[in-house]
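Structure data follow from my_file.pdb (PDB, C-alpha atoms):
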```pdb
ATOM      1  CA  GLN A   1       0.000   0.000   0.000  1.00  0.00           C
ATOM      2  CA  VAL A   2       1.452   3.334  -1.058  1.00  0.00           C
ATOM      3  CA  GLN A   3       1.289   6.061   1.532  1.00  0.00           C
ATOM      4  CA  LEU A   4       2.851   9.383   2.421  1.00  0.00           C
ATOM      5  CA  VAL A   5       2.457  10.637   5.971  1.00  0.00           C
ATOM      6  CA  GLU A   6       3.586  14.130   6.861  1.00  0.00           C
ATOM      7  CA  SER A   7       4.211  15.451  10.345  1.00  0.00           C
ATOM      8  CA  GLY A   8       5.978  18.239  12.154  1.00  0.00           C
ATOM      9  CA  GLY A   9       3.715  21.155  11.400  1.00  0.00           C
ATOM     10  CA  GLY A  10       2.366  23.440  14.060  1.00  0.00           C
ATOM     11  CA  LEU A  11       2.547  26.945  15.374  1.00  0.00           C
ATOM     12  CA  ALA A  12       5.798  28.870  15.202  1.00  0.00           C
ATOM     13  CA  GLN A  13       6.706  32.453  15.878  1.00  0.00           C
ATOM     14  CA  PRO A  14       8.201  34.627  13.171  1.00  0.00           C
ATOM     15  CA  GLY A  15      11.898  33.899  13.061  1.00  0.00           C
ATOM     16  CA  GLY A  16      11.352  30.448  14.494  1.00  0.00           C
ATOM     17  CA  SER A  17      11.968  27.006  13.028  1.00  0.00           C
ATOM     18  CA  LEU A  18      10.086  23.828  12.272  1.00  0.00           C
ATOM     19  CA  ARG A  19      11.142  20.546  10.755  1.00  0.00           C
ATOM     20  CA  LEU A  20       8.645  18.679   8.649  1.00  0.00           C
ATOM     21  CA  SER A  21       8.914  14.955   8.058  1.00  0.00           C
ATOM     22  CA  CYS A  22       7.337  12.698   5.477  1.00  0.00           C
ATOM     23  CA  VAL A  23       7.441   8.937   5.781  1.00  0.00           C
ATOM     24  CA  ALA A  24       6.870   7.111   2.524  1.00  0.00           C
ATOM     25  CA  SER A  25       5.757   3.515   2.227  1.00  0.00           C
ATOM     26  CA  GLY A  26       5.088   1.275  -0.742  1.00  0.00           C
ATOM     27  CA  PHE A  27       7.453   3.174  -3.038  1.00  0.00           C
ATOM     28  CA  PRO A  28      10.949   2.437  -4.355  1.00  0.00           C
ATOM     29  CA  PHE A  29      12.002   5.355  -2.192  1.00  0.00           C
ATOM     30  CA  SER A  30      15.710   5.631  -2.921  1.00  0.00           C
ATOM     31  CA  ASN A  31      15.155   5.619  -6.687  1.00  0.00           C
ATOM     32  CA  LEU A  32      12.764   8.536  -6.686  1.00  0.00           C
ATOM     33  CA  ALA A  33      12.819  12.288  -6.450  1.00  0.00           C
ATOM     34  CA  TRP A  34      10.663  13.887  -3.754  1.00  0.00           C
ATOM     35  CA  SER A  35       9.281  17.345  -3.230  1.00  0.00           C
ATOM     36  CA  TRP A  36       7.552  19.591  -0.769  1.00  0.00           C
ATOM     37  CA  ALA A  37       4.830  21.919  -1.931  1.00  0.00           C
ATOM     38  CA  ARG A  38       2.603  24.271   0.002  1.00  0.00           C
ATOM     39  CA  GLN A  39      -0.852  25.682  -0.313  1.00  0.00           C
ATOM     40  CA  ARG A  40      -1.039  29.105   1.254  1.00  0.00           C
ATOM     41  CA  PRO A  41      -4.371  30.790   2.011  1.00  0.00           C
ATOM     42  CA  GLY A  42      -5.722  32.348  -1.155  1.00  0.00           C
ATOM     43  CA  LYS A  43      -2.671  31.331  -3.189  1.00  0.00           C
ATOM     44  CA  GLU A  44      -1.944  28.709  -5.780  1.00  0.00           C
ATOM     45  CA  LEU A  45       0.053  25.616  -4.937  1.00  0.00           C
ATOM     46  CA  GLU A  46       3.769  26.235  -5.053  1.00  0.00           C
ATOM     47  CA  TRP A  47       6.659  23.807  -4.935  1.00  0.00           C
ATOM     48  CA  VAL A  48       9.138  24.950  -2.348  1.00  0.00           C
ATOM     49  CA  ALA A  49      11.795  22.239  -2.575  1.00  0.00           C
ATOM     50  CA  GLY A  50      12.760  19.097  -4.417  1.00  0.00           C
ATOM     51  CA  ILE A  51      15.421  16.484  -3.862  1.00  0.00           C
ATOM     52  CA  TYR A  52      16.727  13.998  -6.407  1.00  0.00           C
ATOM     53  CA  LYS A  53      17.912  10.471  -5.833  1.00  0.00           C
ATOM     54  CA  ASP A  54      21.518  11.639  -5.851  1.00  0.00           C
ATOM     55  CA  GLY A  55      20.710  14.007  -2.990  1.00  0.00           C
ATOM     56  CA  SER A  56      20.909  17.197  -5.020  1.00  0.00           C
ATOM     57  CA  ALA A  57      18.247  19.744  -4.143  1.00  0.00           C
ATOM     58  CA  ILE A  58      16.424  22.604  -5.811  1.00  0.00           C
ATOM     59  CA  TYR A  59      14.273  25.379  -4.394  1.00  0.00           C
ATOM     60  CA  PRO A  60      11.851  26.700  -7.020  1.00  0.00           C
ATOM     61  CA  THR A  61      10.339  29.264  -4.655  1.00  0.00           C
ATOM     62  CA  VAL A  62      12.795  32.117  -4.335  1.00  0.00           C
ATOM     63  CA  SER A  63      11.494  33.297  -0.990  1.00  0.00           C
ATOM     64  CA  VAL A  64      12.547  30.089   0.780  1.00  0.00           C
ATOM     65  CA  LYS A  65      16.099  29.903  -0.557  1.00  0.00           C
ATOM     66  CA  GLY A  66      18.579  30.123   2.264  1.00  0.00           C
ATOM     67  CA  ARG A  67      15.883  29.426   4.848  1.00  0.00           C
ATOM     68  CA  PHE A  68      14.511  25.980   3.925  1.00  0.00           C
ATOM     69  CA  THR A  69      16.530  22.821   3.462  1.00  0.00           C
ATOM     70  CA  ILE A  70      15.221  19.572   2.041  1.00  0.00           C
ATOM     71  CA  SER A  71      16.926  16.306   2.875  1.00  0.00           C
ATOM     72  CA  ARG A  72      16.292  12.598   2.637  1.00  0.00           C
ATOM     73  CA  ASP A  73      16.990   9.485   4.680  1.00  0.00           C
ATOM     74  CA  ASN A  74      16.865   6.524   2.346  1.00  0.00           C
ATOM     75  CA  ALA A  75      17.342   4.037   5.179  1.00  0.00           C
ATOM     76  CA  ASN A  76      14.117   5.212   6.799  1.00  0.00           C
ATOM     77  CA  ASN A  77      12.153   6.243   3.697  1.00  0.00           C
ATOM     78  CA  THR A  78      11.823   9.756   5.052  1.00  0.00           C
ATOM     79  CA  ILE A  79      11.997  13.220   3.539  1.00  0.00           C
ATOM     80  CA  TYR A  80      12.568  16.279   5.680  1.00  0.00           C
ATOM     81  CA  LEU A  81      12.031  19.979   5.275  1.00  0.00           C
ATOM     82  CA  GLN A  82      13.955  22.100   7.747  1.00  0.00           C
ATOM     83  CA  MET A  83      12.390  25.544   7.852  1.00  0.00           C
ATOM     84  CA  ASN A  84      14.285  28.342   9.557  1.00  0.00           C
ATOM     85  CA  ASP A  85      13.640  32.048   9.953  1.00  0.00           C
ATOM     86  CA  LEU A  86       9.950  31.452   9.393  1.00  0.00           C
ATOM     87  CA  ARG A  87       7.776  34.296   8.148  1.00  0.00           C
ATOM     88  CA  ARG A  88       4.045  34.846   8.393  1.00  0.00           C
ATOM     89  CA  GLU A  89       3.794  34.268   4.666  1.00  0.00           C
ATOM     90  CA  ASP A  90       5.102  30.726   5.149  1.00  0.00           C
ATOM     91  CA  THR A  91       1.790  29.830   6.749  1.00  0.00           C
ATOM     92  CA  GLY A  92       0.026  27.095   4.815  1.00  0.00           C
ATOM     93  CA  LEU A  93      -0.577  23.401   4.293  1.00  0.00           C
ATOM     94  CA  TYR A  94       2.622  21.598   3.357  1.00  0.00           C
ATOM     95  CA  HIS A  95       2.470  18.461   1.233  1.00  0.00           C
ATOM     96  CA  CYS A  96       5.028  15.812   0.522  1.00  0.00           C
ATOM     97  CA  ILE A  97       4.890  14.787  -3.139  1.00  0.00           C
ATOM     98  CA  LYS A  98       6.362  11.895  -5.050  1.00  0.00           C
ATOM     99  CA  GLY A  99       8.455  13.231  -7.870  1.00  0.00           C
ATOM    100  CA  GLU A 100      10.356  16.356  -8.717  1.00  0.00           C
ATOM    101  CA  PRO A 101       8.845  19.830  -8.406  1.00  0.00           C
ATOM    102  CA  GLY A 102       5.880  20.154 -10.732  1.00  0.00           C
ATOM    103  CA  SER A 103       4.800  16.559 -10.288  1.00  0.00           C
ATOM    104  CA  TYR A 104       1.236  15.762  -9.277  1.00  0.00           C
ATOM    105  CA  ASP A 105       1.881  12.056  -9.139  1.00  0.00           C
ATOM    106  CA  TYR A 106       1.110  11.255  -5.510  1.00  0.00           C
ATOM    107  CA  TRP A 107       0.499  13.476  -2.507  1.00  0.00           C
ATOM    108  CA  GLY A 108       0.290  13.212   1.212  1.00  0.00           C
ATOM    109  CA  GLN A 109      -2.566  14.811   3.137  1.00  0.00           C
ATOM    110  CA  GLY A 110      -0.319  17.553   4.381  1.00  0.00           C
ATOM    111  CA  THR A 111       0.789  19.093   7.627  1.00  0.00           C
ATOM    112  CA  ARG A 112      -0.290  22.580   8.590  1.00  0.00           C
ATOM    113  CA  VAL A 113       2.200  25.303   9.410  1.00  0.00           C
ATOM    114  CA  THR A 114       1.095  28.505  11.098  1.00  0.00           C
ATOM    115  CA  VAL A 115       3.537  31.328  11.657  1.00  0.00           C
ATOM    116  CA  SER A 116       2.183  33.885  14.050  1.00  0.00           C
ATOM    117  CA  SER A 117       3.162  35.845  17.112  1.00  0.00           C
TER     118      SER A 117
END
```
If you convert what's in this file into C-alpha cells, what do you get?
Amino acid sequence: QVQLVESGGGLAQPGGSLRLSCVASGFPFSNLAWSWARQRPGKELEWVAGIYKDGSAIYPTVSVKGRFTISRDNANNTIYLQMNDLRREDTGLYHCIKGEPGSYDYWGQGTRVTVSS
C-alpha cells in the first residue's frame, strides 16, 4: 500500500523554526525524487523544494532559498524539510509529493504550518 504521511507542522513564531517529516511507504524510495509543496491561504500551490535520488536539491520558490533545506533518509524512507527564519507568509498546508517539483503524481494529506506571534 502506497502512503505518504507528513508530520511536524504546528505553530511557530516569526523567526522560528520547524522541521517537517514525510514517511513514505510502498514506493521504491531511494530511486525517486521527492518534493515539498505548500498551499497558502488564497494562493496557488507552489513547490518549495525538491530532492533527487543523488541528494541534489532545488528550491523553485525564491522566498525560501537560504531558509529551507530539504533532505532525505533513504534508510528510513523519510523526507525532511527544515524551515528556519519562518515568516508569516510561510503559513500554509505543506504536502510531501512523489516526484520532482511540478509533479502531481502522488500526494500526502499535508501538515499545517502557522507562523504567528
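Distance annotation: of A:Ile79, A:Ile97, A:Ile58, A:Val48, the residue with the minimal separation from A:Arg19 is A:Ile79; atom set is only C-alpha atoms.
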*Tell me which residues the PyMOL selection byres ((chain A and resi 3) around 10) grabs here, as a list in words.*
Gln1, Val2, Leu4, Val5, Glu6, Cys22, Val23, Ala24, Ser25, Gly26, Phe27, Tyr106, Trp107, Gly108 and Gln109 of chain A
Write the residues of the selection above to a file with C-alpha atoms, as a PDB file, keeping the file's coordinate frame.
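Generated file (again.pdb):
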```pdb
ATOM      1  CA  GLN A   1       0.000   0.000   0.000  1.00  0.00           C
ATOM      2  CA  VAL A   2       1.452   3.334  -1.058  1.00  0.00           C
ATOM      3  CA  LEU A   4       2.851   9.383   2.421  1.00  0.00           C
ATOM      4  CA  VAL A   5       2.457  10.637   5.971  1.00  0.00           C
ATOM      5  CA  GLU A   6       3.586  14.130   6.861  1.00  0.00           C
ATOM      6  CA  CYS A  22       7.337  12.698   5.477  1.00  0.00           C
ATOM      7  CA  VAL A  23       7.441   8.937   5.781  1.00  0.00           C
ATOM      8  CA  ALA A  24       6.870   7.111   2.524  1.00  0.00           C
ATOM      9  CA  SER A  25       5.757   3.515   2.227  1.00  0.00           C
ATOM     10  CA  GLY A  26       5.088   1.275  -0.742  1.00  0.00           C
ATOM     11  CA  PHE A  27       7.453   3.174  -3.038  1.00  0.00           C
ATOM     12  CA  TYR A 106       1.110  11.255  -5.510  1.00  0.00           C
ATOM     13  CA  TRP A 107       0.499  13.476  -2.507  1.00  0.00           C
ATOM     14  CA  GLY A 108       0.290  13.212   1.212  1.00  0.00           C
ATOM     15  CA  GLN A 109      -2.566  14.811   3.137  1.00  0.00           C
TER      16      GLN A 109
END
```
*For the structure shown, which residues end up in the PyMOL selection byres ((chain A and resi 36) around 7)? Put them as a ChimeraX atom specification, please?*
/A:35,37-38,47-50,94-97
_Nearest to A:Gly92, chosen from A:Thr61, A:Ser116, A:Asn31, A:Gln39, with only C-alpha atoms counted in the distances_ =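 Checking each candidate against A:Gly92, we get A:Gln39 as the closest.
With all atoms listed in the file as the basis for measurement, A:Glu100 is the residue among A:Asp90, A:Asp85, A:Glu100, A:Asp73 that approaches A:Tyr52 most closely.
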*asked:* Could you check the closest approach to A:Tyr104 for each of A:Leu45, A:Ala75, A:Ile70, A:Leu11 and tell me which residue wins, using all atoms listed in the file?
replied: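 Using all atoms listed in the file, the shortest distance to A:Tyr104 belongs to A:Leu45.
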*How far is it from atom CA of A:Phe29 to atom CA of A:Thr78, in Å with one decimal?*
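Calculated distance between atom CA of A:Phe29 and atom CA of A:Thr78 is 8.5 Å.
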*Can you list what the PyMOL selection byres ((chain A and resi 64) around 10) grabs from this structure, as a count of residues only?*
18
*For atom CA of A:Leu18 and atom CA of A:Leu93, quote the distance in Å rounded to one decimal.*
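Computing the Euclidean distance for atom CA of A:Leu18 and atom CA of A:Leu93 yields 13.3 Å.
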*Pick the closest to A:Leu20 from A:Trp34, A:Thr111, A:Arg72, A:Gly102: which is it, counting all atoms listed in the file?*
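Of A:Trp34, A:Thr111, A:Arg72, A:Gly102, the one nearest A:Leu20 is A:Thr111, counting all atoms listed in the file.
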*In Å, how far is it from atom CA of A:Pro41 to atom CA of A:Gly10?*
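So the two atoms, atom CA of A:Pro41 and atom CA of A:Gly10, lie 15.6 Å apart.
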Final N, CA and C atoms of stretch 65-96 of chain A as a JSON list (two decimals), in the coordinates of the input:
```json
[["chain", "number", "residue", "atom", "x", "y", "z"],
["A", 65, "LYS", "N", 14.67, 30.21, -0.38],
["A", 65, "LYS", "CA", 16.10, 29.90, -0.56],
["A", 65, "LYS", "C", 16.90, 30.50, 0.59],
["A", 66, "GLY", "N", 17.77, 29.69, 1.13],
["A", 66, "GLY", "CA", 18.58, 30.12, 2.26],
["A", 66, "GLY", "C", 17.91, 29.94, 3.61],
["A", 67, "ARG", "N", 16.61, 29.64, 3.60],
["A", 67, "ARG", "CA", 15.88, 29.43, 4.85],
["A", 67, "ARG", "C", 15.39, 27.98, 4.99],
["A", 68, "PHE", "N", 15.02, 27.36, 3.90],
["A", 68, "PHE", "CA", 14.51, 25.98, 3.92],
["A", 68, "PHE", "C", 15.57, 25.03, 3.38],
["A", 69, "THR", "N", 15.62, 23.85, 3.95],
["A", 69, "THR", "CA", 16.53, 22.82, 3.46],
["A", 69, "THR", "C", 15.79, 21.49, 3.39],
["A", 70, "ILE", "N", 15.82, 20.89, 2.22],
["A", 70, "ILE", "CA", 15.22, 19.57, 2.04],
["A", 70, "ILE", "C", 16.32, 18.53, 2.16],
["A", 71, "SER", "N", 15.97, 17.40, 2.76],
["A", 71, "SER", "CA", 16.93, 16.31, 2.88],
["A", 71, "SER", "C", 16.17, 14.98, 2.84],
["A", 72, "ARG", "N", 16.92, 13.91, 2.70],
["A", 72, "ARG", "CA", 16.29, 12.60, 2.64],
["A", 72, "ARG", "C", 17.09, 11.58, 3.43],
["A", 73, "ASP", "N", 16.39, 10.60, 3.96],
["A", 73, "ASP", "CA", 16.99, 9.48, 4.68],
["A", 73, "ASP", "C", 16.49, 8.23, 4.00],
["A", 74, "ASN", "N", 17.30, 7.69, 3.11],
["A", 74, "ASN", "CA", 16.86, 6.52, 2.35],
["A", 74, "ASN", "C", 16.68, 5.29, 3.23],
["A", 75, "ALA", "N", 17.45, 5.21, 4.30],
["A", 75, "ALA", "CA", 17.34, 4.04, 5.18],
["A", 75, "ALA", "C", 15.99, 3.98, 5.87],
["A", 76, "ASN", "N", 15.39, 5.15, 6.09],
["A", 76, "ASN", "CA", 14.12, 5.21, 6.80],
["A", 76, "ASN", "C", 12.97, 5.74, 5.94],
["A", 77, "ASN", "N", 13.20, 5.81, 4.63],
["A", 77, "ASN", "CA", 12.15, 6.24, 3.70],
["A", 77, "ASN", "C", 11.51, 7.56, 4.13],
["A", 78, "THR", "N", 12.33, 8.50, 4.50],
["A", 78, "THR", "CA", 11.82, 9.76, 5.05],
["A", 78, "THR", "C", 12.42, 10.96, 4.33],
["A", 79, "ILE", "N", 11.57, 11.94, 4.10],
["A", 79, "ILE", "CA", 12.00, 13.22, 3.54],
["A", 79, "ILE", "C", 11.77, 14.29, 4.60],
["A", 80, "TYR", "N", 12.67, 15.22, 4.70],
["A", 80, "TYR", "CA", 12.57, 16.28, 5.68],
["A", 80, "TYR", "C", 12.55, 17.64, 5.00],
["A", 81, "LEU", "N", 11.93, 18.58, 5.68],
["A", 81, "LEU", "CA", 12.03, 19.98, 5.28],
["A", 81, "LEU", "C", 12.33, 20.79, 6.54],
["A", 82, "GLN", "N", 13.57, 21.23, 6.64],
["A", 82, "GLN", "CA", 13.96, 22.10, 7.75],
["A", 82, "GLN", "C", 13.63, 23.53, 7.34],
["A", 83, "MET", "N", 12.82, 24.18, 8.15],
["A", 83, "MET", "CA", 12.39, 25.54, 7.85],
["A", 83, "MET", "C", 12.87, 26.47, 8.96],
["A", 84, "ASN", "N", 13.73, 27.38, 8.60],
["A", 84, "ASN", "CA", 14.28, 28.34, 9.56],
["A", 84, "ASN", "C", 13.84, 29.75, 9.21],
["A", 85, "ASP", "N", 13.99, 30.64, 10.16],
["A", 85, "ASP", "CA", 13.64, 32.05, 9.95],
["A", 85, "ASP", "C", 12.24, 32.16, 9.33],
["A", 86, "LEU", "N", 11.30, 31.49, 9.94],
["A", 86, "LEU", "CA", 9.95, 31.45, 9.39],
["A", 86, "LEU", "C", 9.32, 32.84, 9.36],
["A", 87, "ARG", "N", 8.51, 33.04, 8.35],
["A", 87, "ARG", "CA", 7.78, 34.30, 8.15],
["A", 87, "ARG", "C", 6.28, 34.01, 8.13],
["A", 88, "ARG", "N", 5.50, 35.03, 8.40],
["A", 88, "ARG", "CA", 4.04, 34.85, 8.39],
["A", 88, "ARG", "C", 3.57, 34.30, 7.05],
["A", 89, "GLU", "N", 4.22, 34.72, 5.99],
["A", 89, "GLU", "CA", 3.79, 34.27, 4.67],
["A", 89, "GLU", "C", 4.16, 32.82, 4.37],
["A", 90, "ASP", "N", 4.85, 32.16, 5.29],
["A", 90, "ASP", "CA", 5.10, 30.73, 5.15],
["A", 90, "ASP", "C", 3.93, 29.89, 5.66],
["A", 91, "THR", "N", 2.97, 30.54, 6.24],
["A", 91, "THR", "CA", 1.79, 29.83, 6.75],
["A", 91, "THR", "C", 1.08, 29.12, 5.61],
["A", 92, "GLY", "N", 0.73, 27.85, 5.84],
["A", 92, "GLY", "CA", 0.03, 27.10, 4.82],
["A", 92, "GLY", "C", 0.02, 25.61, 5.12],
["A", 93, "LEU", "N", -0.53, 24.86, 4.19],
["A", 93, "LEU", "CA", -0.58, 23.40, 4.29],
["A", 93, "LEU", "C", 0.54, 22.85, 3.42],
["A", 94, "TYR", "N", 1.44, 22.10, 4.04],
["A", 94, "TYR", "CA", 2.62, 21.60, 3.36],
["A", 94, "TYR", "C", 2.43, 20.13, 3.01],
["A", 95, "HIS", "N", 2.65, 19.82, 1.73],
["A", 95, "HIS", "CA", 2.47, 18.46, 1.23],
["A", 95, "HIS", "C", 3.79, 17.87, 0.79],
["A", 96, "CYS", "N", 3.94, 16.61, 1.07],
["A", 96, "CYS", "CA", 5.03, 15.81, 0.52],
["A", 96, "CYS", "C", 4.52, 15.20, -0.78]]
```
